[in-house]
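**Student:** What follows is upload-v2.pdb, made up of PDB, C-alpha atoms:
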```pdb
ATOM      1  CA  MET K   1      79.643  95.027  73.702
ATOM      2  CA  GLU K   2      77.806  92.294  75.526
ATOM      3  CA  ASP K   3      79.317  90.464  78.453
ATOM      4  CA  GLY K   4      81.457  87.556  77.393
ATOM      5  CA  GLN K   5      82.479  89.129  74.100
ATOM      6  CA  GLN K   6      85.249  91.357  75.379
ATOM      7  CA  PHE K   7      87.983  88.717  75.025
ATOM      8  CA  GLU K   8      88.451  85.002  74.654
ATOM      9  CA  VAL K   9      90.873  82.283  75.659
ATOM     10  CA  ARG K  10      91.685  79.900  72.841
ATOM     11  CA  GLU K  11      92.613  76.792  74.764
ATOM     12  CA  PRO K  12      94.626  73.794  73.602
ATOM     13  CA  VAL K  13      93.122  70.339  73.943
ATOM     14  CA  ALA K  14      95.728  69.920  76.688
ATOM     15  CA  GLN K  15      98.372  72.398  77.758
ATOM     16  CA  THR K  16     101.670  70.680  77.093
ATOM     17  CA  ILE K  17     104.129  73.600  77.154
ATOM     18  CA  PRO K  18     104.693  76.247  79.869
ATOM     19  CA  PHE K  19     103.709  79.167  77.634
ATOM     20  CA  VAL K  20     100.860  81.668  77.624
ATOM     21  CA  PHE K  21     100.379  83.843  74.550
ATOM     22  CA  ASN K  22      98.587  87.173  74.841
ATOM     23  CA  SER K  23      97.292  89.504  72.123
ATOM     24  CA  PRO K  24      95.885  92.570  73.910
ATOM     25  CA  HIS K  25      95.816  95.081  71.035
ATOM     26  CA  SER K  26      94.360  93.166  68.096
ATOM     27  CA  GLY K  27      90.664  93.567  68.971
ATOM     28  CA  ARG K  28      88.436  94.481  66.037
ATOM     29  CA  HIS K  29      84.974  94.950  67.607
ATOM     30  CA  TYR K  30      84.434  98.711  67.862
ATOM     31  CA  PRO K  31      81.623  99.633  70.298
ATOM     32  CA  ALA K  32      78.827 101.868  69.022
ATOM     33  CA  ASP K  33      79.437 104.459  71.743
ATOM     34  CA  LEU K  34      83.067 104.817  70.659
ATOM     35  CA  ILE K  35      82.127 105.311  67.005
ATOM     36  CA  ALA K  36      79.360 107.785  67.909
ATOM     37  CA  ASN K  37      81.729 109.981  69.938
ATOM     38  CA  SER K  38      84.738 109.744  67.633
ATOM     39  CA  ASN K  39      86.267 112.326  65.316
ATOM     40  CA  LEU K  40      87.776 109.558  63.214
ATOM     41  CA  ASP K  41      86.553 107.525  60.281
ATOM     42  CA  SER K  42      86.419 103.737  60.379
ATOM     43  CA  LEU K  43      89.925 103.373  58.932
ATOM     44  CA  SER K  44      91.698 106.082  60.925
ATOM     45  CA  ILE K  45      90.463 104.812  64.275
ATOM     46  CA  ARG K  46      92.244 101.505  63.581
ATOM     47  CA  ARG K  47      95.687 103.067  63.094
ATOM     48  CA  SER K  48      97.061 102.079  66.502
ATOM     49  CA  ALA K  49      95.758  98.514  66.475
ATOM     50  CA  ASP K  50      98.055  95.497  66.325
ATOM     51  CA  HIS K  51      96.447  94.291  63.144
ATOM     52  CA  TYR K  52      95.692  90.547  62.974
ATOM     53  CA  VAL K  53      98.322  89.676  65.582
ATOM     54  CA  ASP K  54      95.974  87.152  67.160
ATOM     55  CA  GLU K  55      95.784  85.439  63.755
ATOM     56  CA  LEU K  56      99.559  85.456  63.373
ATOM     57  CA  PHE K  57      99.821  83.484  66.631
ATOM     58  CA  ALA K  58      96.748  81.341  65.941
ATOM     59  CA  ASP K  59      98.748  78.092  66.068
ATOM     60  CA  ALA K  60      99.546  78.513  69.776
ATOM     61  CA  PRO K  61      96.726  76.206  70.972
ATOM     62  CA  GLU K  62      97.700  73.533  68.453
ATOM     63  CA  LEU K  63     101.230  73.686  69.873
ATOM     64  CA  GLY K  64      99.893  73.197  73.407
ATOM     65  CA  ALA K  65      99.532  76.729  74.845
ATOM     66  CA  PRO K  66      96.559  79.025  75.508
ATOM     67  CA  LEU K  67      96.129  82.248  73.564
ATOM     68  CA  LEU K  68      94.291  85.148  75.221
ATOM     69  CA  ALA K  69      92.921  87.534  72.605
ATOM     70  CA  ALA K  70      91.118  90.838  73.088
ATOM     71  CA  HIS K  71      87.985  91.594  71.069
ATOM     72  CA  PHE K  72      87.745  95.208  72.263
ATOM     73  CA  PRO K  73      90.014  97.637  70.379
ATOM     74  CA  ARG K  74      93.009  99.392  71.826
ATOM     75  CA  ALA K  75      91.404 102.749  70.955
ATOM     76  CA  TYR K  76      88.641 101.933  73.465
ATOM     77  CA  LEU K  77      90.746 100.562  76.306
ATOM     78  CA  ASP K  78      94.421  99.655  76.632
ATOM     79  CA  VAL K  79      95.114  96.784  79.021
ATOM     80  CA  ASN K  80      98.871  97.241  78.535
ATOM     81  CA  ARG K  81      98.745 100.173  80.957
ATOM     82  CA  GLU K  82      98.278 100.548  84.665
ATOM     83  CA  PRO K  83      94.587 100.222  85.529
ATOM     84  CA  TYR K  84      94.153 103.942  86.146
ATOM     85  CA  GLU K  85      96.462 105.907  83.848
ATOM     86  CA  LEU K  86      93.927 108.539  82.812
ATOM     87  CA  ASP K  87      94.160 111.989  81.228
ATOM     88  CA  PRO K  88      91.989 114.486  83.155
ATOM     89  CA  ARG K  89      91.584 116.567  79.976
ATOM     90  CA  MET K  90      89.443 113.767  78.533
ATOM     91  CA  PHE K  91      86.799 113.792  81.277
ATOM     92  CA  ASP K  92      83.973 116.095  82.273
ATOM     93  CA  GLY K  93      84.667 115.999  86.005
ATOM     94  CA  PRO K  94      87.377 115.384  88.586
ATOM     95  CA  LEU K  95      89.030 111.966  88.578
ATOM     96  CA  PRO K  96      89.469 109.985  91.803
ATOM     97  CA  PRO K  97      92.672 110.726  93.745
ATOM     98  CA  TYR K  98      94.142 107.272  93.071
ATOM     99  CA  VAL K  99      94.306 107.887  89.322
ATOM    100  CA  ASN K 100      97.779 108.296  87.806
ATOM    101  CA  ILE K 101      97.452 111.496  85.764
ATOM    102  CA  GLY K 102     101.183 112.202  85.509
ATOM    103  CA  SER K 103     102.684 109.283  83.606
ATOM    104  CA  MET K 104     104.551 109.798  80.357
ATOM    105  CA  ARG K 105     102.008 107.561  78.641
ATOM    106  CA  VAL K 106      99.170 109.814  79.761
ATOM    107  CA  ALA K 107     101.119 112.874  78.624
ATOM    108  CA  GLY K 108     101.536 111.257  75.221
ATOM    109  CA  GLY K 109      97.826 110.573  74.892
ATOM    110  CA  LEU K 110      98.215 106.828  75.345
ATOM    111  CA  GLY K 111      96.787 106.089  78.761
ATOM    112  CA  THR K 112      94.439 103.312  79.836
ATOM    113  CA  ILE K 113      91.745 105.069  77.839
ATOM    114  CA  PRO K 114      93.706 106.558  74.938
ATOM    115  CA  ARG K 115      93.187 110.107  73.766
ATOM    116  CA  ILE K 116      94.848 109.600  70.382
ATOM    117  CA  VAL K 117      95.677 106.977  67.797
ATOM    118  CA  ALA K 118      98.774 106.911  65.597
ATOM    119  CA  GLU K 119     100.320 110.340  65.021
ATOM    120  CA  ASN K 120      98.267 112.578  67.314
ATOM    121  CA  MET K 121      94.887 111.800  65.784
ATOM    122  CA  GLU K 122      92.371 112.793  68.461
ATOM    123  CA  ILE K 123      89.783 110.080  69.059
ATOM    124  CA  TYR K 124      86.948 111.909  70.808
ATOM    125  CA  ARG K 125      84.725 114.783  69.738
ATOM    126  CA  LYS K 126      83.632 115.531  73.323
ATOM    127  CA  ARG K 127      84.703 114.659  76.847
ATOM    128  CA  LEU K 128      83.790 111.378  78.473
ATOM    129  CA  SER K 129      82.001 111.154  81.777
ATOM    130  CA  VAL K 130      84.164 109.987  84.647
ATOM    131  CA  GLU K 131      81.647 107.220  85.286
ATOM    132  CA  GLU K 132      82.032 105.912  81.719
ATOM    133  CA  GLY K 133      85.817 105.817  81.978
ATOM    134  CA  LEU K 134      85.800 103.989  85.299
ATOM    135  CA  ALA K 135      83.099 101.612  84.047
ATOM    136  CA  ARG K 136      85.308 100.484  81.153
ATOM    137  CA  ILE K 137      88.059  99.629  83.604
ATOM    138  CA  GLU K 138      85.700  97.663  85.832
ATOM    139  CA  ALA K 139      83.936  95.852  82.999
ATOM    140  CA  ILE K 140      86.887  95.032  80.741
ATOM    141  CA  TYR K 141      90.326  95.846  82.159
ATOM    142  CA  LYS K 142      89.952  94.067  85.473
ATOM    143  CA  PRO K 143      88.348  90.874  84.076
ATOM    144  CA  TYR K 144      91.007  90.736  81.350
ATOM    145  CA  HIS K 145      93.850  90.846  83.843
ATOM    146  CA  THR K 146      92.091  88.408  86.160
ATOM    147  CA  CYS K 147      91.942  85.978  83.245
ATOM    148  CA  LEU K 148      95.584  86.539  82.303
ATOM    149  CA  ARG K 149      96.727  86.057  85.910
ATOM    150  CA  ARG K 150      94.807  82.793  86.134
ATOM    151  CA  LEU K 151      96.364  81.470  82.930
ATOM    152  CA  ILE K 152      99.851  82.314  84.168
ATOM    153  CA  ALA K 153      99.210  80.876  87.651
ATOM    154  CA  ARG K 154      97.749  77.683  86.197
ATOM    155  CA  THR K 155     100.738  77.282  83.911
ATOM    156  CA  HIS K 156     103.204  77.928  86.740
ATOM    157  CA  ALA K 157     101.474  75.402  88.989
ATOM    158  CA  ARG K 158     101.501  72.762  86.264
ATOM    159  CA  PHE K 159     105.061  73.159  84.973
ATOM    160  CA  GLY K 160     106.977  74.929  87.733
ATOM    161  CA  LEU K 161     107.456  77.961  85.483
ATOM    162  CA  ALA K 162     105.400  80.106  83.137
ATOM    163  CA  ILE K 163     106.511  82.051  80.086
ATOM    164  CA  LEU K 164     104.242  84.842  78.886
ATOM    165  CA  ILE K 165     104.705  85.984  75.296
ATOM    166  CA  ASP K 166     102.999  89.360  74.899
ATOM    167  CA  CYS K 167     102.300  89.773  71.188
ATOM    168  CA  HIS K 168     102.268  93.147  69.425
ATOM    169  CA  SER K 169     102.985  94.871  66.137
ATOM    170  CA  MET K 170     104.764  98.139  65.366
ATOM    171  CA  PRO K 171     104.690 100.642  62.498
ATOM    172  CA  GLY K 172     106.908  99.794  59.571
ATOM    173  CA  ASN K 173     108.838 103.061  59.818
ATOM    174  CA  ILE K 174     110.355 102.338  63.250
ATOM    175  CA  ARG K 175     114.148 102.690  63.142
ATOM    176  CA  LEU K 176     116.842 102.045  65.692
ATOM    177  CA  SER K 177     118.271 105.248  67.111
ATOM    178  CA  GLY K 178     121.310 106.353  65.118
ATOM    179  CA  SER K 179     120.706 103.707  62.487
ATOM    180  CA  GLU K 180     118.797 103.173  59.271
ATOM    181  CA  LEU K 181     117.807  99.665  60.367
ATOM    182  CA  ARG K 182     114.087  99.018  60.478
ATOM    183  CA  PRO K 183     113.940  95.785  62.467
ATOM    184  CA  ASP K 184     111.505  93.050  61.583
ATOM    185  CA  PHE K 185     111.114  92.092  65.238
ATOM    186  CA  ILE K 186     111.891  93.569  68.641
ATOM    187  CA  ILE K 187     112.110  91.336  71.698
ATOM    188  CA  GLY K 188     111.464  93.207  74.933
ATOM    189  CA  ASP K 189     112.416  91.938  78.377
ATOM    190  CA  ARG K 190     112.453  95.224  80.307
ATOM    191  CA  TYR K 191     116.240  95.304  80.026
ATOM    192  CA  GLY K 192     116.663  91.874  81.538
ATOM    193  CA  THR K 193     114.239  92.275  84.432
ATOM    194  CA  SER K 194     111.137  90.481  83.102
ATOM    195  CA  ALA K 195     112.676  87.312  81.653
ATOM    196  CA  SER K 196     115.754  85.157  81.605
ATOM    197  CA  ALA K 197     118.524  86.505  79.390
ATOM    198  CA  GLU K 198     118.774  83.021  77.886
ATOM    199  CA  LEU K 199     115.160  83.206  76.746
ATOM    200  CA  SER K 200     115.686  86.582  75.117
ATOM    201  CA  ARG K 201     118.816  85.416  73.333
ATOM    202  CA  ALA K 202     117.069  82.270  72.148
ATOM    203  CA  ALA K 203     114.171  84.304  70.741
ATOM    204  CA  LEU K 204     116.574  86.582  68.866
ATOM    205  CA  ASP K 205     118.585  83.635  67.564
ATOM    206  CA  PHE K 206     115.505  81.820  66.246
ATOM    207  CA  LEU K 207     114.277  84.913  64.404
ATOM    208  CA  ASP K 208     117.740  85.642  63.035
ATOM    209  CA  GLY K 209     117.974  82.037  61.900
ATOM    210  CA  MET K 210     114.858  82.503  59.776
ATOM    211  CA  GLY K 211     116.416  85.501  58.053
ATOM    212  CA  PHE K 212     114.699  88.278  59.998
ATOM    213  CA  SER K 213     116.379  91.263  61.608
ATOM    214  CA  ALA K 214     115.677  91.084  65.329
ATOM    215  CA  VAL K 215     116.841  93.392  68.120
ATOM    216  CA  ARG K 216     116.361  93.589  71.863
ATOM    217  CA  ASN K 217     114.572  96.279  73.886
ATOM    218  CA  LYS K 218     115.059  99.260  71.584
ATOM    219  CA  PRO K 219     112.915 101.155  71.043
ATOM    220  CA  TYR K 220     110.362  98.877  72.757
ATOM    221  CA  ALA K 221     111.385  97.147  75.977
ATOM    222  CA  GLY K 222     107.923  96.016  76.999
ATOM    223  CA  GLY K 223     104.914  97.715  78.559
ATOM    224  CA  PHE K 224     102.888  97.278  81.714
ATOM    225  CA  ILE K 225     102.065  93.626  81.020
ATOM    226  CA  THR K 226     105.676  92.568  80.541
ATOM    227  CA  GLU K 227     106.829  94.529  83.563
ATOM    228  CA  HIS K 228     103.951  93.474  85.797
ATOM    229  CA  TYR K 229     103.974  89.731  85.126
ATOM    230  CA  GLY K 230     107.668  89.041  84.631
ATOM    231  CA  ARG K 231     109.295  87.723  87.826
ATOM    232  CA  PRO K 232     112.213  85.529  86.663
ATOM    233  CA  VAL K 233     113.361  84.701  90.194
ATOM    234  CA  ARG K 234     109.973  83.025  90.719
ATOM    235  CA  GLY K 235     110.030  81.220  87.387
ATOM    236  CA  LEU K 236     107.654  83.753  85.815
ATOM    237  CA  HIS K 237     109.100  85.059  82.558
ATOM    238  CA  ALA K 238     107.513  87.676  80.295
ATOM    239  CA  LEU K 239     108.740  88.608  76.832
ATOM    240  CA  GLN K 240     107.193  91.175  74.524
ATOM    241  CA  ILE K 241     107.454  90.573  70.792
ATOM    242  CA  GLU K 242     106.886  93.418  68.335
ATOM    243  CA  ILE K 243     106.354  92.540  64.669
ATOM    244  CA  ASN K 244     106.959  95.049  61.903
ATOM    245  CA  ARG K 245     103.497  95.545  60.383
ATOM    246  CA  ALA K 246     104.934  96.249  56.959
ATOM    247  CA  LEU K 247     105.895  92.575  56.766
ATOM    248  CA  TYR K 248     102.304  91.421  56.552
ATOM    249  CA  VAL K 249      99.840  94.319  56.226
ATOM    250  CA  ASP K 250      99.393  97.236  53.836
ATOM    251  CA  GLU K 251      99.726 100.165  56.207
ATOM    252  CA  THR K 252      97.572 102.400  53.995
ATOM    253  CA  THR K 253      94.577 100.114  53.572
ATOM    254  CA  LEU K 254      95.261  97.937  56.661
ATOM    255  CA  GLU K 255      94.537  94.865  54.563
ATOM    256  CA  LYS K 256      96.599  91.700  54.759
ATOM    257  CA  LYS K 257      99.423  91.347  52.262
ATOM    258  CA  ARG K 258      99.943  88.170  50.288
ATOM    259  CA  GLU K 259     102.934  87.542  52.603
ATOM    260  CA  PHE K 260     100.632  87.125  55.592
ATOM    261  CA  PRO K 261     100.634  83.290  55.543
ATOM    262  CA  VAL K 262     104.439  83.287  55.301
ATOM    263  CA  ILE K 263     104.792  85.439  58.423
ATOM    264  CA  ALA K 264     102.185  83.361  60.270
ATOM    265  CA  ALA K 265     104.070  80.180  59.374
ATOM    266  CA  ALA K 266     107.342  81.739  60.556
ATOM    267  CA  LEU K 267     105.760  82.627  63.893
ATOM    268  CA  SER K 268     104.419  79.103  64.243
ATOM    269  CA  THR K 269     107.981  77.861  63.743
ATOM    270  CA  PHE K 270     109.208  80.439  66.257
ATOM    271  CA  MET K 271     106.722  79.260  68.881
ATOM    272  CA  ARG K 272     107.686  75.645  68.313
ATOM    273  CA  GLN K 273     111.394  76.446  68.552
ATOM    274  CA  MET K 274     110.896  78.379  71.788
ATOM    275  CA  ALA K 275     108.938  75.482  73.292
ATOM    276  CA  GLU K 276     111.594  72.970  72.273
ATOM    277  CA  TYR K 277     114.328  75.215  73.655
ATOM    278  CA  VAL K 278     112.635  75.514  77.039
ATOM    279  CA  GLY K 279     112.028  71.772  77.126
ATOM    280  CA  ASP K 280     115.689  71.091  76.412
ATOM    281  CA  PHE K 281     117.159  73.896  78.531
ATOM    282  CA  SER K 282     119.946  72.396  80.627
ATOM    283  CA  GLY K 283     118.242  69.043  80.436
ATOM    284  CA  GLY K 284     114.821  70.255  81.451
ATOM    285  CA  MET K 285     112.581  73.086  82.547
ATOM    286  CA  SER K 286     113.686  73.168  86.155
ATOM    287  CA  ALA K 287     116.786  75.243  85.397
ATOM    288  CA  LEU K 288     114.731  78.128  84.053
ATOM    289  CA  ALA K 289     112.292  77.798  86.905
ATOM    290  CA  ALA K 290     115.130  78.136  89.391
ATOM    291  CA  GLU K 291     116.630  81.332  87.924
TER     292      GLU K 291
END
```
Before anything else, please render the file you have as structure tokens.
**Tutor:**
Amino acid sequence: MEDGQQFEVREPVAQTIPFVFNSPHSGRHYPADLIANSNLDSLSIRRSADHYVDELFADAPELGAPLLAAHFPRAYLDVNREPYELDPRMFDGPLPPYVNIGSMRVAGGLGTIPRIVAENMEIYRKRLSVEEGLARIEAIYKPYHTCLRRLIARTHARFGLAILIDCHSMPGNIRLSGSELRPDFIIGDRYGTSASAELSRAALDFLDGMGFSAVRNKPYAGGFITEHYGRPVRGLHALQIEINRALYVDETTLEKKREFPVIAAALSTFMRQMAEYVGDFSGGMSALAAE
């Protein structure tokens, strides 16, 4: 990929609400070097992507908030990880000592540079050079997070608080443990540590009110982005939202279903309701900022 094409910020004419929306896993531009070194066909390599999530949240700028959207695919680089969660089995030489090789995400094949997509489908036909792996982090991961930090800091400076909504999708077969329920949405707040409990409850209530099944934190409580950027005591709130892909995409062909516009419209309503809630919270935004 050429410089400047890795991600984009879709800005509102003027930011009028203290929200930042982020879609880190919906990138659809697959680099030639990834395709050349992959075991997978053009459909299989997309299995772990958050299909069209950036399009589902496309109304964010119209509502007054920026939307950061990745163009690079999750199979190439995952910015919802620590910067250096790398699997030494993927590389042709020793990794630097600062690399985290022991995380559960690395063990599962889902580190900063993933080894697999979906259900243990190996991405690469041969090992990567260490230099290539580190170069991806320098060229894409670090600029992406620099951009996200700036959006959050700008929002916090302008409004006295910032609310990051980290936007994802999940496979349609995800069930709650001990239950047959396949939730339509999961709101993650790192078990109350990344965002105000009031915000999480409001998000669940708005989704429930539209007729969706929505649960909190299980089985997805939020990844690195939610954990890293959520600091409620400083007025920095981060919520992860997971959308059941079966609501809007055919999980065999990965094509949009006819219901896609309905789900996009529901998420536009959700964003508007969240913004109105924050604006009205205890008479204004300062109460959330002070939590």
**Student:** So which residues are close to (99.8, 83.3, 74.5), meaning at most 8 Å away in the file's coordinates with all atoms listed in the file counted, and can you show them as a list in words?
**Tutor:**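 With a cut-off of 8 Å, the residues come to Phe19, Val20, Phe21, Asn22, Ser23, Phe57, Ala60, Ala65, Pro66, Leu67, Leu68, Leu164, Ile165, Asp166 and Cys167 of chain K.
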**Student:** Using all atoms listed in the file, which residue out of K:Ile123, K:Thr269, K:Gln240, K:Ser177 lies closest to Asp41 in chain K?
**Tutor:**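 Smallest distance to Asp41 in chain K is found for K:Ile123.
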**Student:** Can you pull out every residue within 8 Å of range 135-142 of chain K, counting all atoms listed in the file, but drop anything in the same chain fewer than 2 positions away, and send it as a VMD selection string?
**Tutor:** chain K and resid 6 77 to 79 83 to 84 131 to 133 144 to 146
**Student:** Determine the axis-aligned bounding box of all atoms of range 85-103 of chain K present in the file, pad each side by 3 Å, and express its centre and edge lengths in Å to one decimal place as JSON.
**Tutor:**
```
{"center_x": 93.3, "center_y": 111.2, "center_z": 86.1, "size_x": 24.7, "size_y": 16.7, "size_z": 21.2}
```
**Student:** Could you check the closest approach to Asp184 in chain K for each of K:Asn244, K:Ser44, K:Ser103, K:Gln273 and tell me which residue wins, using all atoms listed in the file?
**Tutor:**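 With all atoms listed in the file as the atom set, the closest residue is K:Asn244.
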**Student:** Neighbourhood query: residues within 8 Å of (112.5, 97.0, 71.5), file coordinates, counting all atoms listed in the file; return as a list of chain:residue names.
**Tutor:**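 So the residues meeting the distance criterion are K:Ile186, K:Ile187, K:Gly188, K:Val215, K:Arg216, K:Asn217, K:Lys218, K:Pro219, K:Tyr220, K:Ala221, K:Gly222, K:Glu242.
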**Student:** What is the CA of Leu134 in chain K to CA of Ile101 in chain K distance in Å?
**Tutor:**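 One can read the CA of Leu134 in chain K to CA of Ile101 in chain K distance as 13.9 Å.
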**Student:** Quick check, in Å to one decimal: how far apart do CA of Pro73 in chain K and CA of Gly27 in chain K lie?
**Tutor:**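 Straight-line distance from CA of Pro73 in chain K to CA of Gly27 in chain K works out to 4.4 Å.
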**Student:** At a cut-off of 8 Å, using all atoms listed in the file, what residues contact Tyr229 in chain K? Leave out same-chain residues fewer than 6 positions from it and give the result as a compact mmCIF listing (two decimals) with C-alpha atoms, in the coordinates of the input.
**Tutor:**
```txt
# COMPACT_ATOMS: atom_id res chain seq x y z
CA LEU K 164 104.24 84.84 78.89
CA SER K 194 111.14 90.48 83.10
CA LEU K 236 107.65 83.75 85.82
CA HIS K 237 109.10 85.06 82.56
CA ALA K 238 107.51 87.68 80.30
```
**Student:** With the PyMOL selection byres ((chain K and resi 30) around 10) as the selection, what would be picked from this file? Answer as number ranges by chain, please.
**Tutor:** K: 1, 27-29, 31-35, 42, 45-46, 71-76
**Student:** If I take CA of Met274 in chain K and CA of Ile174 in chain K, how far is one from the other in Å, to one decimal?
**Tutor:**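 We find that CA of Met274 in chain K and CA of Ile174 in chain K lie 25.4 Å from each other.
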**Student:** Take the PyMOL selection byres ((chain K and resi 199) around 9), apply it to the structure above, and return the hits as an mmCIF file with C-alpha atoms, in the coordinates of the input.
**Tutor:**
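Saved result, part_33.cif, follows:
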```cif
data_model
loop_
_atom_site.group_PDB
_atom_site.id
_atom_site.type_symbol
_atom_site.label_atom_id
_atom_site.label_comp_id
_atom_site.auth_asym_id
_atom_site.auth_seq_id
_atom_site.Cartn_x
_atom_site.Cartn_y
_atom_site.Cartn_z
ATOM 1 C CA ALA K 195 112.676 87.312 81.653
ATOM 2 C CA SER K 196 115.754 85.157 81.605
ATOM 3 C CA ALA K 197 118.524 86.505 79.390
ATOM 4 C CA GLU K 198 118.774 83.021 77.886
ATOM 5 C CA SER K 200 115.686 86.582 75.117
ATOM 6 C CA ARG K 201 118.816 85.416 73.333
ATOM 7 C CA ALA K 202 117.069 82.270 72.148
ATOM 8 C CA ALA K 203 114.171 84.304 70.741
ATOM 9 C CA LEU K 204 116.574 86.582 68.866
ATOM 10 C CA HIS K 237 109.100 85.059 82.558
ATOM 11 C CA LEU K 239 108.740 88.608 76.832
ATOM 12 C CA MET K 274 110.896 78.379 71.788
ATOM 13 C CA TYR K 277 114.328 75.215 73.655
ATOM 14 C CA VAL K 278 112.635 75.514 77.039
ATOM 15 C CA LEU K 288 114.731 78.128 84.053
#
```
**Student:** For this structure, which residues satisfy the selection - the PyMOL selection byres ((chain K and resi 246) around 12) - when it is evaluated on the file as given? I want them as a PyMOL selection string.
**Tutor:** chain K and resi 50-51+169-174+182-185+242-245+247-260+263
**Student:** Of the candidates K:His156, K:Arg149, K:Arg81, K:His168, which shows the shortest atom-to-atom distance to Phe224 in chain K, using only C-alpha atoms?
**Tutor:**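 Distance minimum relative to Phe224 in chain K lands on K:Arg81.
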**Student:** Measuring atom to atom with only C-alpha atoms, identify which of K:Val53, K:Ser213, K:Ser38, K:Ala70 is nearest to Arg115 in chain K.
**Tutor:**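 The answer is K:Ser38, which sits nearest to Arg115 in chain K.
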**Student:** Rank K:Gly93, K:Pro24, K:Pro232, K:Pro261 by their smallest atom-to-atom distance to Asp59 in chain K, using only C-alpha atoms, and report the top residue only.
**Tutor:** K:Pro261
